[in-house]
Amino acid sequence: MQIFDVFSKKVYEKDGEQKAISYKAGVIKITDKGNTYLRLFHIPDVEFYVREREPSIPVVDIND
């Protein structure tokens, strides 16, 4: 199993200077069977299933 941390960036202003901090927003888990899941910390107890996007353009085989 592989686990990846998901980070987000927050930009703020302090003393007239723009600064940014990164914070951990969740994790992505890839199981040994190849399934991918996303868990976001601001939505507890919910795990999202992640799939590769289907191509929007159909593939045409010109040899048919």
# chains A, B, ... in the order shown; residues from 1 in each chain; ligands from 1
$ residues_around --residues "Tyr23 (chain A)" --least-positions-apart "5" --cutoff "10 Å" --atoms "only C-alpha atoms" --output "PyMOL selection string"
chain A and resi 5-10
$ write_last_selection --atoms "N, CA and C atoms" --output "mmCIF file, in the first residue's frame"
data_model
loop_
_atom_site.group_PDB
_atom_site.id
_atom_site.type_symbol
_atom_site.label_atom_id
_atom_site.label_comp_id
_atom_site.auth_asym_id
_atom_site.auth_seq_id
_atom_site.Cartn_x
_atom_site.Cartn_y
_atom_site.Cartn_z
ATOM 1 N N ASP A 5 0.533 12.252 1.326
ATOM 2 C CA ASP A 5 -0.083 13.377 2.017
ATOM 3 C C ASP A 5 -0.558 14.392 0.986
ATOM 4 N N VAL A 6 -1.717 15.000 1.239
ATOM 5 C CA VAL A 6 -2.289 16.038 0.371
ATOM 6 C C VAL A 6 -2.148 17.367 1.108
ATOM 7 N N PHE A 7 -1.530 18.357 0.464
ATOM 8 C CA PHE A 7 -1.300 19.648 1.083
ATOM 9 C C PHE A 7 -2.055 20.743 0.340
ATOM 10 N N SER A 8 -2.340 21.814 1.051
ATOM 11 C CA SER A 8 -2.950 22.994 0.466
ATOM 12 C C SER A 8 -2.150 24.200 0.938
ATOM 13 N N LYS A 9 -2.279 25.307 0.208
ATOM 14 C CA LYS A 9 -1.525 26.504 0.548
ATOM 15 C C LYS A 9 -2.486 27.612 0.942
ATOM 16 N N LYS A 10 -2.162 28.310 2.011
ATOM 17 C CA LYS A 10 -2.948 29.460 2.448
ATOM 18 C C LYS A 10 -2.063 30.694 2.362
#
$ atom_distance --atom1 "CA of Ile43 (chain A)" --atom2 "CA of Ala25 (chain A)"
10.0 Å
$ select_by_dssp --residues "chain A" --states "strand (DSSP E)" --output "ChimeraX atom specification"
/A:2-14,17-30,36-40,48-50
$ write_last_selection --atoms "C-alpha atoms" --output "compact mmCIF listing (two decimals), in the first residue's frame"
# COMPACT_ATOMS: atom_id res chain seq x y z
CA GLN A 2 1.15 3.56 -0.74
CA ILE A 3 0.05 6.62 1.22
CA PHE A 4 0.52 10.21 0.01
CA ASP A 5 -0.08 13.38 2.02
CA VAL A 6 -2.29 16.04 0.37
CA PHE A 7 -1.30 19.65 1.08
CA SER A 8 -2.95 22.99 0.47
CA LYS A 9 -1.52 26.50 0.55
CA LYS A 10 -2.95 29.46 2.45
CA VAL A 11 -1.80 32.96 1.47
CA TYR A 12 -2.09 35.73 4.08
CA GLU A 13 -0.73 39.18 4.78
CA LYS A 14 1.37 40.07 7.83
CA GLU A 17 3.98 41.48 3.44
CA GLN A 18 2.28 38.58 1.67
CA LYS A 19 3.20 35.18 3.12
CA ALA A 20 2.11 31.60 2.49
CA ILE A 21 1.92 28.49 4.61
CA SER A 22 1.25 24.89 3.61
CA TYR A 23 -0.93 22.61 5.66
CA LYS A 24 -1.85 18.95 5.40
CA ALA A 25 -5.42 18.71 4.06
CA GLY A 26 -5.73 14.93 3.70
CA VAL A 27 -4.23 11.71 2.35
CA ILE A 28 -4.37 9.61 -0.80
CA LYS A 29 -4.16 5.86 -0.32
CA ILE A 30 -3.34 3.41 -3.14
CA THR A 36 -7.09 4.82 -5.03
CA TYR A 37 -8.86 6.63 -2.19
CA LEU A 38 -8.84 10.24 -1.00
CA ARG A 39 -9.60 11.30 2.58
CA LEU A 40 -9.95 15.01 3.35
CA PHE A 48 -13.59 9.17 -1.76
CA TYR A 49 -12.79 6.67 -4.50
CA VAL A 50 -10.51 8.14 -7.20
$ atom_distance --atom1 "CA of Arg51 (chain A)" --atom2 "CA of Lys33 (chain A)"
13.3 Å
$ atom_distance --atom1 "CA of Phe41 (chain A)" --atom2 "CA of Met1 (chain A)"
19.9 Å
